[in-house]
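Novice: Sharing target19.cif, mmCIF, N, CA and C atoms and all ligand atoms:
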data_input
loop_
_atom_site.label_atom_id
_atom_site.label_comp_id
_atom_site.auth_asym_id
_atom_site.auth_seq_id
_atom_site.Cartn_x
_atom_site.Cartn_y
_atom_site.Cartn_z
N MET A 28 -27.64 -109.69 20.47
CA MET A 28 -26.36 -109.38 21.11
C MET A 28 -26.37 -107.91 21.54
N SER A 29 -25.92 -107.66 22.75
CA SER A 29 -25.89 -106.28 23.24
C SER A 29 -24.76 -105.49 22.57
N LEU A 30 -24.89 -104.19 22.65
CA LEU A 30 -23.86 -103.33 22.06
C LEU A 30 -22.50 -103.59 22.72
N ALA A 31 -22.51 -103.77 24.05
CA ALA A 31 -21.25 -104.04 24.75
C ALA A 31 -20.63 -105.34 24.24
N ALA A 32 -21.47 -106.34 24.02
CA ALA A 32 -20.95 -107.62 23.51
C ALA A 32 -20.41 -107.45 22.09
N GLU A 33 -21.08 -106.63 21.29
CA GLU A 33 -20.58 -106.37 19.93
C GLU A 33 -19.22 -105.68 19.97
N ILE A 34 -19.08 -104.73 20.89
CA ILE A 34 -17.79 -104.03 21.02
C ILE A 34 -16.70 -105.01 21.45
N CYS A 35 -17.05 -105.89 22.37
CA CYS A 35 -16.07 -106.92 22.79
C CYS A 35 -15.68 -107.78 21.60
N GLU A 36 -16.65 -108.15 20.81
CA GLU A 36 -16.37 -109.00 19.65
C GLU A 36 -15.43 -108.28 18.67
N HIS A 37 -15.63 -106.98 18.54
CA HIS A 37 -14.74 -106.18 17.68
C HIS A 37 -13.28 -106.33 18.13
N TYR A 38 -13.09 -106.51 19.42
CA TYR A 38 -11.74 -106.69 19.97
C TYR A 38 -11.43 -108.18 20.18
N ASP A 39 -12.12 -109.04 19.44
CA ASP A 39 -11.91 -110.49 19.52
C ASP A 39 -12.04 -111.04 20.94
N ASN A 40 -12.87 -110.38 21.73
CA ASN A 40 -13.13 -110.81 23.11
C ASN A 40 -11.85 -111.01 23.91
N GLN A 41 -10.87 -110.17 23.64
CA GLN A 41 -9.58 -110.27 24.32
C GLN A 41 -9.60 -109.47 25.63
N PRO A 42 -9.37 -110.13 26.75
CA PRO A 42 -9.34 -109.43 28.03
C PRO A 42 -8.31 -108.29 28.06
N ASP A 43 -7.24 -108.42 27.29
CA ASP A 43 -6.22 -107.36 27.25
C ASP A 43 -6.79 -106.05 26.70
N ALA A 44 -7.90 -106.13 26.01
CA ALA A 44 -8.50 -104.93 25.41
C ALA A 44 -9.57 -104.31 26.32
N LEU A 45 -9.61 -104.72 27.56
CA LEU A 45 -10.68 -104.26 28.46
C LEU A 45 -10.79 -102.74 28.51
N ILE A 46 -9.69 -102.05 28.65
CA ILE A 46 -9.76 -100.59 28.77
C ILE A 46 -10.30 -99.96 27.49
N GLU A 47 -9.83 -100.43 26.34
CA GLU A 47 -10.35 -99.90 25.07
C GLU A 47 -11.84 -100.19 24.94
N ILE A 48 -12.24 -101.38 25.35
CA ILE A 48 -13.66 -101.75 25.28
C ILE A 48 -14.49 -100.83 26.17
N LEU A 49 -14.01 -100.59 27.37
CA LEU A 49 -14.75 -99.71 28.29
C LEU A 49 -14.85 -98.29 27.72
N HIS A 50 -13.76 -97.82 27.13
CA HIS A 50 -13.80 -96.48 26.50
C HIS A 50 -14.85 -96.45 25.39
N ASP A 51 -14.88 -97.48 24.56
CA ASP A 51 -15.84 -97.51 23.46
C ASP A 51 -17.28 -97.57 23.97
N VAL A 52 -17.49 -98.39 24.98
CA VAL A 52 -18.85 -98.51 25.54
C VAL A 52 -19.29 -97.17 26.11
N GLN A 53 -18.39 -96.51 26.81
CA GLN A 53 -18.75 -95.21 27.41
C GLN A 53 -18.95 -94.14 26.34
N LYS A 54 -18.15 -94.22 25.29
CA LYS A 54 -18.27 -93.24 24.20
C LYS A 54 -19.66 -93.33 23.57
N VAL A 55 -20.14 -94.53 23.41
CA VAL A 55 -21.45 -94.73 22.78
C VAL A 55 -22.58 -94.31 23.71
N GLY A 56 -22.52 -94.75 24.96
CA GLY A 56 -23.65 -94.52 25.86
C GLY A 56 -23.50 -93.35 26.80
N GLY A 57 -22.32 -92.74 26.85
CA GLY A 57 -22.11 -91.62 27.76
C GLY A 57 -21.66 -92.07 29.14
N PHE A 58 -21.98 -93.30 29.48
CA PHE A 58 -21.52 -93.90 30.73
C PHE A 58 -21.61 -95.41 30.57
N ILE A 59 -21.12 -96.13 31.56
CA ILE A 59 -21.11 -97.60 31.47
C ILE A 59 -22.25 -98.14 32.34
N GLN A 60 -23.20 -98.74 31.68
CA GLN A 60 -24.37 -99.23 32.40
C GLN A 60 -24.06 -100.59 33.05
N THR A 61 -24.85 -100.90 34.07
CA THR A 61 -24.67 -102.16 34.80
C THR A 61 -24.75 -103.36 33.87
N ASP A 62 -25.70 -103.33 32.94
CA ASP A 62 -25.83 -104.45 32.00
C ASP A 62 -24.57 -104.62 31.16
N ALA A 63 -23.93 -103.50 30.83
CA ALA A 63 -22.70 -103.56 30.02
C ALA A 63 -21.58 -104.23 30.81
N LEU A 64 -21.49 -103.94 32.09
CA LEU A 64 -20.46 -104.59 32.92
C LEU A 64 -20.60 -106.11 32.86
N ARG A 65 -21.83 -106.55 32.96
CA ARG A 65 -22.11 -107.99 32.92
C ARG A 65 -21.77 -108.57 31.55
N ALA A 66 -22.20 -107.87 30.50
CA ALA A 66 -21.97 -108.36 29.13
C ALA A 66 -20.47 -108.42 28.82
N ILE A 67 -19.74 -107.43 29.27
CA ILE A 67 -18.29 -107.40 29.03
C ILE A 67 -17.62 -108.56 29.77
N ALA A 68 -17.99 -108.76 31.02
CA ALA A 68 -17.40 -109.85 31.80
C ALA A 68 -17.66 -111.20 31.12
N GLU A 69 -18.88 -111.38 30.66
CA GLU A 69 -19.22 -112.65 29.99
C GLU A 69 -18.42 -112.82 28.71
N ALA A 70 -18.39 -111.76 27.91
CA ALA A 70 -17.73 -111.85 26.60
C ALA A 70 -16.23 -112.11 26.75
N LEU A 71 -15.62 -111.50 27.76
CA LEU A 71 -14.17 -111.63 27.93
C LEU A 71 -13.80 -112.81 28.83
N ASN A 72 -14.85 -113.46 29.37
CA ASN A 72 -14.64 -114.60 30.25
C ASN A 72 -13.79 -114.23 31.47
N ILE A 73 -14.14 -113.09 32.05
CA ILE A 73 -13.50 -112.66 33.29
C ILE A 73 -14.62 -112.34 34.28
N SER A 74 -14.27 -112.13 35.53
CA SER A 74 -15.32 -111.87 36.51
C SER A 74 -15.82 -110.43 36.39
N ARG A 75 -17.05 -110.27 36.81
CA ARG A 75 -17.61 -108.92 36.81
C ARG A 75 -16.82 -108.02 37.77
N ALA A 76 -16.30 -108.61 38.84
CA ALA A 76 -15.51 -107.85 39.80
C ALA A 76 -14.25 -107.28 39.14
N GLU A 77 -13.67 -108.05 38.21
CA GLU A 77 -12.48 -107.54 37.49
C GLU A 77 -12.84 -106.33 36.65
N VAL A 78 -13.96 -106.43 35.97
CA VAL A 78 -14.41 -105.30 35.14
C VAL A 78 -14.70 -104.10 36.03
N GLN A 79 -15.44 -104.35 37.08
CA GLN A 79 -15.80 -103.28 38.03
C GLN A 79 -14.55 -102.65 38.63
N GLY A 80 -13.55 -103.47 38.91
CA GLY A 80 -12.31 -102.96 39.49
C GLY A 80 -11.61 -101.99 38.56
N VAL A 81 -11.58 -102.30 37.28
CA VAL A 81 -10.95 -101.40 36.30
C VAL A 81 -11.76 -100.11 36.19
N VAL A 82 -13.07 -100.26 36.13
CA VAL A 82 -13.94 -99.07 36.01
C VAL A 82 -13.74 -98.14 37.20
N SER A 83 -13.68 -98.71 38.39
CA SER A 83 -13.56 -97.83 39.55
C SER A 83 -12.14 -97.31 39.74
N PHE A 84 -11.14 -97.98 39.14
CA PHE A 84 -9.76 -97.51 39.30
C PHE A 84 -9.50 -96.25 38.49
N TYR A 85 -10.07 -96.19 37.30
CA TYR A 85 -9.80 -95.06 36.40
C TYR A 85 -10.88 -93.99 36.53
N ASP A 86 -10.44 -92.76 36.72
CA ASP A 86 -11.38 -91.65 36.83
C ASP A 86 -12.14 -91.41 35.53
N ASP A 87 -11.59 -91.89 34.41
CA ASP A 87 -12.23 -91.65 33.11
C ASP A 87 -13.58 -92.33 32.99
N PHE A 88 -13.77 -93.41 33.73
CA PHE A 88 -14.99 -94.18 33.54
C PHE A 88 -16.08 -93.75 34.52
N ARG A 89 -17.30 -93.81 34.01
CA ARG A 89 -18.43 -93.31 34.79
C ARG A 89 -19.55 -94.35 34.74
N LEU A 90 -20.17 -94.59 35.87
CA LEU A 90 -21.28 -95.54 35.94
C LEU A 90 -22.63 -94.85 35.91
N GLU A 91 -22.62 -93.52 35.87
CA GLU A 91 -23.86 -92.75 35.80
C GLU A 91 -23.66 -91.64 34.79
N PRO A 92 -24.74 -91.15 34.19
CA PRO A 92 -24.58 -90.03 33.25
C PRO A 92 -24.03 -88.81 33.96
N ALA A 93 -23.20 -88.04 33.25
CA ALA A 93 -22.70 -86.79 33.82
C ALA A 93 -23.86 -85.80 33.91
N PRO A 94 -23.86 -84.94 34.92
CA PRO A 94 -24.92 -83.94 35.01
C PRO A 94 -24.91 -83.03 33.78
N ALA A 95 -26.08 -82.57 33.37
CA ALA A 95 -26.17 -81.68 32.22
C ALA A 95 -25.28 -80.46 32.44
N GLY A 96 -24.61 -80.03 31.41
CA GLY A 96 -23.77 -78.84 31.50
C GLY A 96 -22.38 -79.11 32.04
N THR A 97 -22.05 -80.37 32.26
CA THR A 97 -20.71 -80.70 32.75
C THR A 97 -19.67 -80.38 31.67
N VAL A 98 -18.62 -79.71 32.07
CA VAL A 98 -17.54 -79.33 31.16
C VAL A 98 -16.53 -80.46 31.10
N LYS A 99 -16.24 -80.92 29.89
CA LYS A 99 -15.14 -81.87 29.73
C LYS A 99 -13.89 -81.05 29.53
N LEU A 100 -12.96 -81.20 30.42
CA LEU A 100 -11.73 -80.42 30.36
C LEU A 100 -10.56 -81.34 30.04
N CYS A 101 -9.89 -81.06 28.95
CA CYS A 101 -8.77 -81.89 28.53
C CYS A 101 -7.59 -81.69 29.47
N ARG A 102 -7.06 -82.82 29.94
CA ARG A 102 -5.89 -82.78 30.81
C ARG A 102 -4.71 -83.47 30.13
N GLY A 103 -4.79 -83.58 28.81
CA GLY A 103 -3.67 -84.15 28.06
C GLY A 103 -2.45 -83.24 28.15
N GLU A 104 -1.32 -83.76 27.71
CA GLU A 104 -0.06 -83.01 27.87
C GLU A 104 -0.08 -81.65 27.20
N ALA A 105 -0.57 -81.60 25.97
CA ALA A 105 -0.57 -80.32 25.24
C ALA A 105 -1.44 -79.30 25.96
N CYS A 106 -2.55 -79.75 26.50
CA CYS A 106 -3.43 -78.81 27.21
C CYS A 106 -2.89 -78.46 28.58
N GLN A 107 -2.19 -79.39 29.19
CA GLN A 107 -1.54 -79.03 30.47
C GLN A 107 -0.50 -77.95 30.24
N ALA A 108 0.20 -78.04 29.11
CA ALA A 108 1.23 -77.05 28.81
C ALA A 108 0.64 -75.68 28.52
N THR A 109 -0.65 -75.64 28.21
CA THR A 109 -1.27 -74.36 27.89
C THR A 109 -2.28 -73.92 28.94
N GLY A 110 -2.24 -74.54 30.12
CA GLY A 110 -3.00 -73.99 31.23
C GLY A 110 -4.24 -74.74 31.69
N SER A 111 -4.36 -76.03 31.36
CA SER A 111 -5.58 -76.73 31.78
C SER A 111 -5.65 -76.90 33.31
N ASP A 112 -4.49 -76.97 33.96
CA ASP A 112 -4.53 -77.09 35.43
C ASP A 112 -5.15 -75.85 36.06
N GLN A 113 -4.72 -74.68 35.57
CA GLN A 113 -5.27 -73.43 36.10
C GLN A 113 -6.76 -73.31 35.76
N LEU A 114 -7.10 -73.74 34.54
CA LEU A 114 -8.51 -73.68 34.14
C LEU A 114 -9.36 -74.58 35.03
N ALA A 115 -8.85 -75.75 35.39
CA ALA A 115 -9.60 -76.64 36.30
C ALA A 115 -9.85 -75.94 37.63
N THR A 116 -8.83 -75.25 38.12
CA THR A 116 -8.98 -74.50 39.37
C THR A 116 -10.01 -73.38 39.21
N ASP A 117 -9.94 -72.67 38.08
CA ASP A 117 -10.88 -71.57 37.82
C ASP A 117 -12.32 -72.08 37.72
N LEU A 118 -12.49 -73.23 37.06
CA LEU A 118 -13.84 -73.78 36.92
C LEU A 118 -14.41 -74.16 38.29
N LYS A 119 -13.54 -74.71 39.11
CA LYS A 119 -13.98 -75.09 40.46
C LYS A 119 -14.39 -73.85 41.24
N ALA A 120 -13.59 -72.79 41.13
CA ALA A 120 -13.91 -71.55 41.83
C ALA A 120 -15.21 -70.94 41.31
N ALA A 121 -15.50 -71.17 40.04
CA ALA A 121 -16.73 -70.64 39.44
C ALA A 121 -17.92 -71.60 39.63
N HIS A 122 -17.70 -72.66 40.39
CA HIS A 122 -18.74 -73.67 40.68
C HIS A 122 -19.33 -74.29 39.42
N MET A 123 -18.47 -74.55 38.44
CA MET A 123 -18.92 -75.21 37.23
C MET A 123 -18.45 -76.67 37.27
N PRO A 124 -19.39 -77.60 37.13
CA PRO A 124 -18.98 -79.01 37.17
C PRO A 124 -18.12 -79.36 35.97
N SER A 125 -17.05 -80.09 36.24
CA SER A 125 -16.18 -80.49 35.14
C SER A 125 -15.68 -81.90 35.38
N GLU A 126 -15.28 -82.51 34.31
CA GLU A 126 -14.65 -83.83 34.41
C GLU A 126 -13.44 -83.81 33.50
N GLN A 127 -12.44 -84.55 33.88
CA GLN A 127 -11.22 -84.55 33.06
C GLN A 127 -11.31 -85.61 31.98
N VAL A 128 -10.83 -85.24 30.84
CA VAL A 128 -10.71 -86.17 29.72
C VAL A 128 -9.29 -86.01 29.19
N PHE A 129 -8.88 -86.95 28.36
CA PHE A 129 -7.52 -86.88 27.85
C PHE A 129 -7.54 -86.83 26.34
N CYS A 130 -7.34 -85.64 25.85
CA CYS A 130 -7.26 -85.29 24.44
C CYS A 130 -8.62 -85.25 23.76
N LEU A 131 -8.98 -84.05 23.40
CA LEU A 131 -10.22 -83.83 22.65
C LEU A 131 -9.91 -83.63 21.17
N GLY A 132 -8.68 -83.90 20.79
CA GLY A 132 -8.30 -83.76 19.38
C GLY A 132 -8.15 -82.31 18.96
N ASN A 133 -7.90 -81.44 19.91
CA ASN A 133 -7.79 -80.01 19.62
C ASN A 133 -6.51 -79.46 20.26
N CYS A 134 -5.46 -80.26 20.18
CA CYS A 134 -4.23 -79.98 20.92
C CYS A 134 -3.59 -78.64 20.55
N ALA A 135 -3.74 -78.20 19.32
CA ALA A 135 -3.10 -76.96 18.90
C ALA A 135 -3.78 -75.73 19.50
N LEU A 136 -4.99 -75.92 20.02
CA LEU A 136 -5.74 -74.79 20.57
C LEU A 136 -6.06 -75.01 22.04
N GLY A 137 -5.08 -75.49 22.77
CA GLY A 137 -5.31 -75.75 24.19
C GLY A 137 -5.30 -74.49 25.03
N PRO A 138 -5.82 -74.54 26.20
CA PRO A 138 -6.50 -75.71 26.73
C PRO A 138 -7.85 -75.93 26.05
N ALA A 139 -8.17 -77.18 25.83
CA ALA A 139 -9.41 -77.52 25.13
C ALA A 139 -10.46 -77.99 26.13
N ALA A 140 -11.68 -77.61 25.84
CA ALA A 140 -12.80 -78.04 26.67
C ALA A 140 -13.95 -78.39 25.74
N MET A 141 -14.91 -79.09 26.28
CA MET A 141 -16.09 -79.43 25.50
C MET A 141 -17.29 -79.36 26.43
N ILE A 142 -18.35 -78.77 25.90
CA ILE A 142 -19.58 -78.74 26.67
C ILE A 142 -20.72 -79.08 25.74
N GLU A 143 -21.48 -80.10 26.12
CA GLU A 143 -22.60 -80.59 25.32
C GLU A 143 -22.20 -80.80 23.85
N GLY A 144 -21.04 -81.37 23.66
CA GLY A 144 -20.58 -81.72 22.32
C GLY A 144 -19.93 -80.58 21.56
N GLN A 145 -19.91 -79.38 22.12
CA GLN A 145 -19.29 -78.23 21.45
C GLN A 145 -17.87 -78.07 21.96
N LEU A 146 -16.93 -78.10 21.03
CA LEU A 146 -15.53 -77.96 21.36
C LEU A 146 -15.18 -76.50 21.55
N ILE A 147 -14.38 -76.21 22.57
CA ILE A 147 -13.95 -74.84 22.86
C ILE A 147 -12.43 -74.85 22.90
N GLY A 148 -11.81 -74.10 21.99
CA GLY A 148 -10.37 -73.98 21.95
C GLY A 148 -9.92 -72.76 22.73
N ARG A 149 -8.66 -72.81 23.20
CA ARG A 149 -8.12 -71.74 24.05
C ARG A 149 -9.17 -71.35 25.11
N ALA A 150 -9.64 -72.40 25.76
CA ALA A 150 -10.75 -72.24 26.69
C ALA A 150 -10.37 -71.43 27.91
N ASN A 151 -11.32 -70.67 28.37
CA ASN A 151 -11.21 -70.00 29.66
C ASN A 151 -12.62 -69.96 30.25
N VAL A 152 -12.72 -69.49 31.47
CA VAL A 152 -14.02 -69.53 32.16
C VAL A 152 -15.06 -68.71 31.39
N ASP A 153 -14.68 -67.56 30.86
CA ASP A 153 -15.65 -66.72 30.15
C ASP A 153 -16.19 -67.42 28.90
N LYS A 154 -15.30 -68.03 28.13
CA LYS A 154 -15.75 -68.75 26.93
C LYS A 154 -16.67 -69.90 27.31
N ILE A 155 -16.32 -70.59 28.36
CA ILE A 155 -17.14 -71.74 28.78
C ILE A 155 -18.50 -71.26 29.29
N LYS A 156 -18.51 -70.16 30.05
CA LYS A 156 -19.79 -69.61 30.52
C LYS A 156 -20.65 -69.21 29.34
N ALA A 157 -20.04 -68.58 28.34
CA ALA A 157 -20.79 -68.16 27.15
C ALA A 157 -21.39 -69.36 26.44
N GLN A 158 -20.62 -70.42 26.30
CA GLN A 158 -21.14 -71.62 25.63
C GLN A 158 -22.25 -72.26 26.44
N ARG A 159 -22.11 -72.25 27.76
CA ARG A 159 -23.16 -72.81 28.61
C ARG A 159 -24.45 -72.01 28.47
N SER A 160 -24.34 -70.69 28.33
CA SER A 160 -25.56 -69.89 28.21
C SER A 160 -26.23 -70.14 26.86
N VAL A 161 -25.44 -70.38 25.81
CA VAL A 161 -26.02 -70.75 24.50
C VAL A 161 -26.78 -72.05 24.65
N PHE A 162 -26.16 -72.97 25.35
CA PHE A 162 -26.77 -74.28 25.57
C PHE A 162 -28.11 -74.12 26.30
N LYS A 163 -28.14 -73.29 27.35
CA LYS A 163 -29.37 -73.10 28.11
C LYS A 163 -30.42 -72.36 27.30
N THR A 164 -29.97 -71.37 26.50
CA THR A 164 -30.91 -70.59 25.68
C THR A 164 -31.61 -71.46 24.64
N GLU A 165 -30.84 -72.39 24.09
CA GLU A 165 -31.41 -73.26 23.08
C GLU A 165 -32.31 -74.34 23.71
N GLY A 166 -32.34 -74.36 25.05
CA GLY A 166 -33.22 -75.28 25.76
C GLY A 166 -32.84 -76.73 25.62
N LYS A 167 -31.57 -76.97 25.41
CA LYS A 167 -31.13 -78.37 25.29
C LYS A 167 -31.02 -79.02 26.64
S1 LIG A 201 -4.09 -82.74 24.59
FE1 LIG A 201 -5.83 -81.50 24.90
S2 LIG A 201 -6.89 -81.62 23.03
FE2 LIG A 201 -5.19 -82.93 22.75
#
With the file now loaded, output its structure as structure tokens.
Ligand code: FES

Specialist:
Amino acid sequence: MSLAAEICEHYDNQPDALIEILHDVQKVGGFIQTDALRAIAEALNISRAEVQGVVSFYDDFRLEPAPAGTVKLCRGEACQATGSDQLATDLKAAHMPSEQVFCLGNCALGPAAMIEGQLIGRANVDKIKAQRSVFKTEGK
């Protein structure tokens, strides 16, 4: 049984749980692979087009791995209140690839960002650049 099928089984193969299933599959693999789309459709007894439609509707889901060094920028409410919108603009101006996520579990220290698994609280462009250089120095 594939991992995607196991995740579906965890949700009793309920089509209503499609979004949670997709989140779990992406969390494990970093993105949603073509085989997973097929396995999910089979397990939930829905068409692959339905699964694909949900994946393409939500910006959160990705069908390819994110480029190395991509900044995950939290756009949850707490982080929006502490400047994540401005930080997104600043990252774009600094030509740093970023993707939006919703809540990194660091709401008290927003805006929160994550790069290569390292959480950054009260994030700003300088802190993110510093973390990226650590990442490059360590040759990851
Ligand atoms: S809302 Fe941003 S870390 Fe929770």

Novice: Output as a Markdown table one row per residue of chain A within 6.5 Å of ligand LIG 201 (chain A): the closest atom pair and its distance in Å to one decimal place, counting all atoms listed in the file, sorted by chain and residue number ascending.

Specialist:
| residue | atom | partner | partner_atom | distance |
| --- | --- | --- | --- | --- |
| A:Cys101 | CA | A:LIG201 | FE1 | 4.7 |
| A:Arg102 | N | A:LIG201 | FE1 | 5.4 |
| A:Gly103 | CA | A:LIG201 | S1 | 3.8 |
| A:Glu104 | N | A:LIG201 | S1 | 4.3 |
| A:Ala105 | N | A:LIG201 | S1 | 3.9 |
| A:Cys106 | N | A:LIG201 | S1 | 3.9 |
| A:Gln107 | N | A:LIG201 | S1 | 6.0 |
| A:Phe129 | C | A:LIG201 | S1 | 5.6 |
| A:Cys130 | CA | A:LIG201 | FE2 | 3.6 |
| A:Leu131 | N | A:LIG201 | S2 | 3.2 |
| A:Gly132 | N | A:LIG201 | S2 | 3.7 |
| A:Asn133 | N | A:LIG201 | S2 | 3.3 |
| A:Cys134 | N | A:LIG201 | S2 | 3.5 |
| A:Ala135 | N | A:LIG201 | S2 | 5.9 |
| A:Gly137 | CA | A:LIG201 | FE1 | 5.8 |
| A:Pro138 | C | A:LIG201 | FE1 | 6.0 |
| A:Ala139 | N | A:LIG201 | FE1 | 5.0 |

Novice: Excluding range 60-76 of chain A and its own-chain neighbours fewer than 5 positions away, which residues fall within 6 Å of it when counting all atoms listed in the file? Please give them as a list in words.

Specialist: Ala31, Ala32, Asn40, Gln41, Pro42, Val81 and Leu90 of chain A

Novice: Find the spatial neighbours of Asp86 in chain A, counting all atoms listed in the file, within a cut-off of 8 Å - ignore same-chain residues fewer than 4 positions away - and output them as an MDAnalysis selection string.

Specialist: chainID A and resid 81:82 126:128

Novice: So the first atom is CA of Leu146 in chain A and the second is CA of Asp112 in chain A; what is the distance between them in Å, to one decimal place?

Specialist: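 Answer for the CA of Leu146 in chain A to CA of Asp112 in chain A separation: 17.9 Å.
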
Novice: Measure the distance from CA of Ile48 in chain A to atom N of Arg149 in chain A in Å and round it to one decimal.

Specialist: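 Between these atoms lies a distance of 29.4 Å.
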
Novice: Have a look at atom C of Ile34 in chain A and atom N of Val52 in chain A and let me know their distance in Å, one decimal.

Specialist: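 Atom C of Ile34 in chain A sits 7.5 Å away from atom N of Val52 in chain A.
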
Novice: What's the 12 Å shell around Lys119 in chain A, counting only C-alpha atoms, without same-chain residues fewer than 6 positions away, as a list in words?

Specialist: Thr97, Val98, Leu100, Asp112, Gln113, Ser125, Glu126 and Val152 of chain A

Novice: So that I can check the secondary structure, give me every residue of range 42-165 of chain A assigned strand (DSSP E) by backbone DSSP, as JSON, numbers by chain.

Specialist: {"A": [98, 99, 100, 101, 125, 126, 127, 128, 140, 141, 142, 145, 146, 147]}

Novice: So, counting only C-alpha atoms, which residue among A:Leu118, A:Asp39, A:Leu30, A:Val78 is closest to Lys54 in chain A?

Specialist: A:Leu30

Novice: Model the absent atoms of range 44-50 of chain A so that all heavy atoms are present, and write the result as a short mmCIF file (atom, residue, chain, number, x, y, z; two decimals), keeping the file's coordinate frame.

Specialist:
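The new file rebuild.cif reads:
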data_model
loop_
_atom_site.label_atom_id
_atom_site.label_comp_id
_atom_site.auth_asym_id
_atom_site.auth_seq_id
_atom_site.Cartn_x
_atom_site.Cartn_y
_atom_site.Cartn_z
N ALA A 44 -7.90 -106.13 26.01
CA ALA A 44 -8.50 -104.93 25.41
C ALA A 44 -9.57 -104.31 26.32
O ALA A 44 -10.32 -103.43 25.88
CB ALA A 44 -9.11 -105.28 24.05
N LEU A 45 -9.61 -104.72 27.56
CA LEU A 45 -10.68 -104.26 28.46
C LEU A 45 -10.79 -102.74 28.51
O LEU A 45 -11.89 -102.19 28.43
CB LEU A 45 -10.48 -104.85 29.86
CG LEU A 45 -11.49 -104.40 30.91
CD1 LEU A 45 -12.92 -104.72 30.50
CD2 LEU A 45 -11.17 -105.03 32.26
N ILE A 46 -9.69 -102.05 28.65
CA ILE A 46 -9.76 -100.59 28.77
C ILE A 46 -10.30 -99.96 27.49
O ILE A 46 -11.17 -99.08 27.55
CB ILE A 46 -8.38 -100.02 29.17
CG1 ILE A 46 -8.08 -100.44 30.61
CG2 ILE A 46 -8.35 -98.49 29.05
CD1 ILE A 46 -6.73 -100.03 31.13
N GLU A 47 -9.83 -100.43 26.34
CA GLU A 47 -10.35 -99.90 25.07
C GLU A 47 -11.84 -100.19 24.94
O GLU A 47 -12.61 -99.35 24.49
CB GLU A 47 -9.60 -100.52 23.87
CG GLU A 47 -8.17 -100.04 23.73
CD GLU A 47 -7.17 -100.85 24.57
OE1 GLU A 47 -7.60 -101.71 25.36
OE2 GLU A 47 -5.96 -100.60 24.43
N ILE A 48 -12.24 -101.38 25.35
CA ILE A 48 -13.66 -101.75 25.28
C ILE A 48 -14.49 -100.83 26.17
O ILE A 48 -15.52 -100.31 25.76
CB ILE A 48 -13.84 -103.24 25.69
CG1 ILE A 48 -13.24 -104.14 24.61
CG2 ILE A 48 -15.30 -103.56 25.95
CD1 ILE A 48 -13.06 -105.59 25.04
N LEU A 49 -14.01 -100.59 27.37
CA LEU A 49 -14.75 -99.71 28.29
C LEU A 49 -14.85 -98.29 27.72
O LEU A 49 -15.90 -97.64 27.82
CB LEU A 49 -14.08 -99.70 29.67
CG LEU A 49 -14.21 -101.00 30.46
CD1 LEU A 49 -13.27 -100.98 31.67
CD2 LEU A 49 -15.65 -101.23 30.91
N HIS A 50 -13.76 -97.82 27.13
CA HIS A 50 -13.80 -96.48 26.50
C HIS A 50 -14.85 -96.45 25.39
O HIS A 50 -15.63 -95.49 25.30
CB HIS A 50 -12.43 -96.09 25.93
CG HIS A 50 -11.51 -95.50 26.93
ND1 HIS A 50 -11.74 -94.31 27.57
CD2 HIS A 50 -10.33 -95.94 27.43
CE1 HIS A 50 -10.76 -94.03 28.40
NE2 HIS A 50 -9.89 -95.02 28.35
#
